[in-house]
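What follows is one structure encoded as structure tokens, with my remarks underneath.
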Amino acid sequence: MDQPASAYFMEERHDPVESHTLAVLVQNEPGVLARVIGLFSGRGYNIESLTVSETESQKHLSRITIVTTGTPMVIEQIKHQLDRMIPVYRVVDMTLTGRSIERELAMVKVRGGGDNRVEALRLADAFRARVIDATIESFVFEITGNSAKISQFIDLMRPLGLVEVSRTGVAAIGRGPEGM
Amino acid sequence: MSDKSHHPNQMTGAAMIVRALVDHGVKHIFGYPGGAVLPIYDELFQQSEVEHILVRHEQGAGHAAEGYARSTGRPGVAVVTSGPGATNMVTPLTDALMDSIPLVCITGQVPTHLIGNDAFQECDTVGITRPCTKHNWLVRDVNDLAKVLHEAFYVASTGRPGPVVVDVPKDVQFATGTYHPPRKADVHVSYVPRLKGDATLVRKAAALLASARRPVIYSGGGVINSGPEASKLLRELVEVTGFPITSTLMGLGAYPASGKNWLGMLGMHGTYEANMAMHDCDAMLCVGARFDDRITGRTDAFSPGSKKIHIDIDPSSINKNIRVDIPIIGDAANVLGDLLQAFKAESMKSDIKPWWQQIAKWRARNSLAYKKNDDVILPQYAIERLFAATRGRDTYITTEVGQHQMWAAQFFGFEEPHRWMTSGGLGTMGYGLPAAVGVQVAHPDSLVIDIAGDASVQMTMQEMSTAVQFELPIKIFILNNQYMGMVRQWQQLLHGNRLSHSYSEALPDFVKLADAFGCVGIRATKPADLDGALEEMIAIKRPVLFDCHVAALENCFPMIPSGKAHNEMLLPVEANDEATAVAFAGGKALV
């Protein structure tokens, strides 16, 4: 078939896919996270990372930070779909503002001895990772930074005896004096 | 404490529910009792302000509430029990979500302490209905109930309307708490839809329309949902601009079918002139429609040469399927009013007479033509005669889903909004009969007709019993071709005429069935008998099952094969075997 036969298969356009970080302020009520996740799974959107926690307990507000990928049209849809959910106050595209700081925290467990152990400590120092647990044969490092830096650190630990990693996902905030 | 319990606002959760219904002006609700809603039913029994219509299946309650809502513009209300009561509501909730119908559904739930225990008739109602409602709530504290009920009515009927569910555990229905009436001044904390269009964009839109040479207005269900003012303003805009207008299935009646600028419905089974005008226009004004795939056909070939204005209350409808040039977010009535003013200030700068001449040529193709037959009733003819027989009467039409629905949309002329109830987005077979029940409850003296198919009508046939019990004189006009007609048509056109399971071997005798239900059965098999039988049907002040035998193998044309462009329509006169084969080439992947 040289042309798509159905409207349902029409969206095979190859617009470039972008990664966007969205900050979503929501009413902290039961099920709100399920709604957000259900929207993404139900409509076939991607979630690269998602973090959520209550940020203003008196107003019962939680902040969800979502890193998602899609074509510009899909990203626009995602924002509108989020924004029309009843418990959602605001949706801000941190990527579009161009003035946001993104940070992630990871805990990285490395096991080994001898030169590997020394090298791991040396690299941790270079990446400003802290030792938060140690045994004779292992370390747990805590590292904070943007996702690329954390991934790079994890890659470096791999040959030195990487055991496991726990990452928080991305949290983001805008620069300057204004809030979202 | 004892003082407090005598306070008039101290009451049980069940009493709060009934009180909230009264406070929101609800006169009728549709429902079915069960264990988890017995306290509510006990309250209903002891009052007379809210009338409860007992359906025969919860799906019927949902569709009846939809029909009630769509024909009145007010939210429809349904009450069902936990577990199967709630799961049976999933279809009407989804239907209402797709067609933006305001629905408030109250579901019973097992007592709070049993939630999560796999209790008898327990299901995760808020989990199951989360993706098929605009919003839903599980109320765990009786003191939250009043607030949630008022919020439910607000959410259902504000902005783009939709269905909501309030899930109330049985212990919360029994518990006593404080009720407070709805307050107009209460503004929702996070849901405040934008109603007023951006003034700059409205001016840009007016300028675009004023300089258009080939304009077209494409209106949808949003105009009807906005209320009578929006339809009035739409008519005025058409009058002032002189532009041609077409509409989606959901938008029929906003502009009268007898109006001189009317092109007929657009889309897959729309008229040739409507679809060609959409394809060739240079300026498109879309009001309250959403560029659905049944409307656009091939999106990359959709109206390629036009600048598009899109008015919608839901920002997520903008740029979802089709990129538009001037998006205006706001309520249809507000924006149409502003646009009308702005257009009057512009004055028309171009001549659209040549455009109308072109449209006249397309109209002359007569895309709804069909061959008359003296021996068998053609379904198109049946609708035309039904339309003729009901002219000048206070008529409401509902439909099921399939060929009969498309023929009804093509051949029944709607002059007013809120007169046409059909399942557009979800395409729910079985919608029309219970919807007719709901419409008749809202308009007891009107003529309410469900244009049905023999297959669809059997999906919710049990609601005839509801109509009989509540003396609702609905007319079920069945175009009986013994097939699932639209399925058969697609099998013929796309699947080598292998009619896999689309033939109903053992249809009931609908006249005898009417007798069994205690209503009236009428049958017509010959064109010559049709008018008399229709007169008889209309004259009877009781529910009627009308078994209209029609040509079995008639296809619904014109048709844009899905995935084709608007200018690749197949017209009935051209639909010989060869043309059909070409139009549907590559076919099986079509949906």
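Ligands are numbered from 1 in the order shown, chains are lettered A, B, ... in the order of the structure tokens, and residues start at 1 in each chain.
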
### Message
Could you go through chain A and tell me which residues DSSP, when run on the backbone, assigns to strand (DSSP E), listing them as a ChimeraX atom specification?
### Response
/A:18-27,49-56,61-70,88-93,100-111,130-135,138-145,162-167,171-174

How close does chain B get to chain A? List, as a Markdown table, each residue of chain B within 10 Å, its nearest atom pair and the distance in Å to one decimal, counting only C-alpha atoms.
```
| residue | atom | partner | partner_atom | distance |
| --- | --- | --- | --- | --- |
| B:Val126 | CA | A:Gly31 | CA | 8.7 |
| B:Gly127 | CA | A:Gly31 | CA | 8.4 |
| B:Arg130 | CA | A:Arg35 | CA | 7.1 |
| B:Pro131 | CA | A:Gly38 | CA | 7.2 |
| B:Lys134 | CA | A:Met85 | CA | 7.7 |
| B:His135 | CA | A:Ile86 | CA | 6.6 |
| B:Asn136 | CA | A:Ile86 | CA | 9.4 |
| B:Trp137 | CA | A:Pro30 | CA | 8.9 |
| B:Leu138 | CA | A:Pro30 | CA | 8.7 |
| B:Val155 | CA | A:Ile86 | CA | 7.9 |
| B:Gly159 | CA | A:Arg84 | CA | 9.8 |
| B:Arg160 | CA | A:Arg84 | CA | 9.7 |
| B:His188 | CA | A:Ile86 | CA | 9.3 |
| B:Val189 | CA | A:Tyr89 | CA | 7.9 |
| B:Ser190 | CA | A:Tyr89 | CA | 4.8 |
| B:Tyr191 | CA | A:Ile86 | CA | 5.4 |
| B:Val192 | CA | A:Ile86 | CA | 8.9 |
| B:Pro193 | CA | A:Arg84 | CA | 8.3 |
| B:Asp292 | CA | A:Ala7 | CA | 9.7 |
| B:Asp293 | CA | A:Ala7 | CA | 6.1 |
| B:Arg294 | CA | A:Ala7 | CA | 8.4 |
| B:Thr296 | CA | A:Ala7 | CA | 8.2 |
| B:Gly297 | CA | A:Ala7 | CA | 5.9 |
| B:Arg298 | CA | A:Ala7 | CA | 5.5 |
| B:Thr299 | CA | A:Ala7 | CA | 6.9 |
| B:Asp300 | CA | A:Met10 | CA | 7.8 |
| B:Asp314 | CA | A:Arg84 | CA | 7.7 |
| B:Pro315 | CA | A:His80 | CA | 6.0 |
| B:Ser316 | CA | A:His80 | CA | 4.7 |
| B:Ser317 | CA | A:Gln77 | CA | 8.4 |
| B:Ile318 | CA | A:Gln77 | CA | 8.3 |
| B:Asn319 | CA | A:Met73 | CA | 7.1 |
| B:Lys320 | CA | A:Gln77 | CA | 6.4 |
| B:Asn321 | CA | A:Met73 | CA | 9.0 |
| B:Ile322 | CA | A:Met73 | CA | 9.8 |
| B:Arg323 | CA | A:Met73 | CA | 8.7 |
| B:Pro561 | CA | A:Ser6 | CA | 8.5 |
| B:Ser562 | CA | A:Ser6 | CA | 5.4 |
| B:Gly563 | CA | A:Ser6 | CA | 3.7 |
| B:Lys564 | CA | A:Ala5 | CA | 7.1 |
| B:Ala565 | CA | A:Ala7 | CA | 9.8 |
| B:Phe584 | CA | A:Ala5 | CA | 8.9 |
| B:Ala585 | CA | A:Ala5 | CA | 8.8 |
| B:Gly586 | CA | A:Met1 | CA | 6.5 |
| B:Gly587 | CA | A:Ala5 | CA | 6.9 |
| B:Lys588 | CA | A:Ala5 | CA | 8.5 |
| B:Ala589 | CA | A:Ala5 | CA | 6.3 |
| B:Leu590 | CA | A:Ser6 | CA | 5.0 |
| B:Val591 | CA | A:Ser6 | CA | 6.2 |
```

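Minimum atom-to-atom distances from A:Lys109, A:Gly176, A:Val170, A:Pro16 to A:Ile47 were compared using only C-alpha atoms, and the lowest value belongs to A:Val170.
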
Near-B:Gln458 list (10 Å; only C-alpha atoms; drop same-chain fewer than 6 positions) as an mmCIF file with N, CA, C and O atoms, in the first residue's frame:
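The resulting file, result-v3.cif, is shown below:
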```cif
data_model
loop_
_atom_site.group_PDB
_atom_site.id
_atom_site.type_symbol
_atom_site.label_atom_id
_atom_site.label_comp_id
_atom_site.auth_asym_id
_atom_site.auth_seq_id
_atom_site.Cartn_x
_atom_site.Cartn_y
_atom_site.Cartn_z
ATOM 1 N N MET B 429 -24.390 1.028 20.198
ATOM 2 C CA MET B 429 -25.643 0.358 19.832
ATOM 3 C C MET B 429 -26.438 0.167 21.122
ATOM 4 O O MET B 429 -25.869 -0.184 22.154
ATOM 5 N N GLY B 430 -27.741 0.400 21.064
ATOM 6 C CA GLY B 430 -28.554 0.274 22.269
ATOM 7 C C GLY B 430 -28.738 1.584 23.011
ATOM 8 O O GLY B 430 -29.378 1.627 24.060
ATOM 9 N N LEU B 433 -33.020 3.584 22.550
ATOM 10 C CA LEU B 433 -34.272 3.260 23.235
ATOM 11 C C LEU B 433 -34.286 3.853 24.654
ATOM 12 O O LEU B 433 -35.197 4.604 24.996
ATOM 13 N N ALA B 452 -34.416 3.245 14.957
ATOM 14 C CA ALA B 452 -33.605 2.124 15.424
ATOM 15 C C ALA B 452 -33.291 1.158 14.292
ATOM 16 O O ALA B 452 -33.863 1.221 13.202
ATOM 17 N N LEU B 507 -34.571 -13.304 14.450
ATOM 18 C CA LEU B 507 -35.103 -12.076 15.027
ATOM 19 C C LEU B 507 -36.418 -12.360 15.743
ATOM 20 O O LEU B 507 -37.186 -13.223 15.308
ATOM 21 N N PRO B 508 -36.673 -11.648 16.820
ATOM 22 C CA PRO B 508 -38.004 -11.804 17.427
ATOM 23 C C PRO B 508 -39.067 -11.191 16.511
ATOM 24 O O PRO B 508 -38.761 -10.347 15.678
#
```

Can you check which parts of stretch 340-445 of chain B lie within 9 Å of stretch 542-549 of chain B? Per residue, the shortest pair of atoms and distance in Å to one decimal, counting only C-alpha atoms, sorted by chain and number, as CSV.
```
residue,atom,partner,partner_atom,distance
B:Val376,CA,B:His549,CA,7.9
B:Ile377,CA,B:His549,CA,6.8
B:Leu378,CA,B:His549,CA,8.7
B:Pro379,CA,B:His549,CA,8.6
B:Ala382,CA,B:Cys548,CA,8.0
```

For the selection you just gave me, I'd like the residues written to a file as a PDB file, in the first residue's frame, keeping N, CA, C and O atoms.
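The resulting selection_7.pdb:
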```pdb
ATOM      1  N   VAL B 376     -40.553  -2.720  -2.217  1.00  0.00           N
ATOM      2  CA  VAL B 376     -39.993  -2.777  -0.862  1.00  0.00           C
ATOM      3  C   VAL B 376     -39.747  -1.363  -0.367  1.00  0.00           C
ATOM      4  O   VAL B 376     -39.481  -0.450  -1.147  1.00  0.00           O
ATOM      5  N   ILE B 377     -39.829  -1.221   0.943  1.00  0.00           N
ATOM      6  CA  ILE B 377     -39.576   0.090   1.540  1.00  0.00           C
ATOM      7  C   ILE B 377     -38.068   0.293   1.587  1.00  0.00           C
ATOM      8  O   ILE B 377     -37.335  -0.536   2.144  1.00  0.00           O
ATOM      9  N   LEU B 378     -37.606   1.378   0.985  1.00  0.00           N
ATOM     10  CA  LEU B 378     -36.197   1.711   1.119  1.00  0.00           C
ATOM     11  C   LEU B 378     -36.018   2.483   2.420  1.00  0.00           C
ATOM     12  O   LEU B 378     -36.865   3.304   2.785  1.00  0.00           O
ATOM     13  N   PRO B 379     -34.929   2.221   3.142  1.00  0.00           N
ATOM     14  CA  PRO B 379     -34.748   2.873   4.446  1.00  0.00           C
ATOM     15  C   PRO B 379     -34.728   4.400   4.329  1.00  0.00           C
ATOM     16  O   PRO B 379     -35.266   5.089   5.213  1.00  0.00           O
ATOM     17  N   ALA B 382     -38.192   5.522   4.109  1.00  0.00           N
ATOM     18  CA  ALA B 382     -38.879   5.405   5.400  1.00  0.00           C
ATOM     19  C   ALA B 382     -38.586   6.632   6.268  1.00  0.00           C
ATOM     20  O   ALA B 382     -39.486   7.182   6.915  1.00  0.00           O
TER      21      ALA B 382
END
```
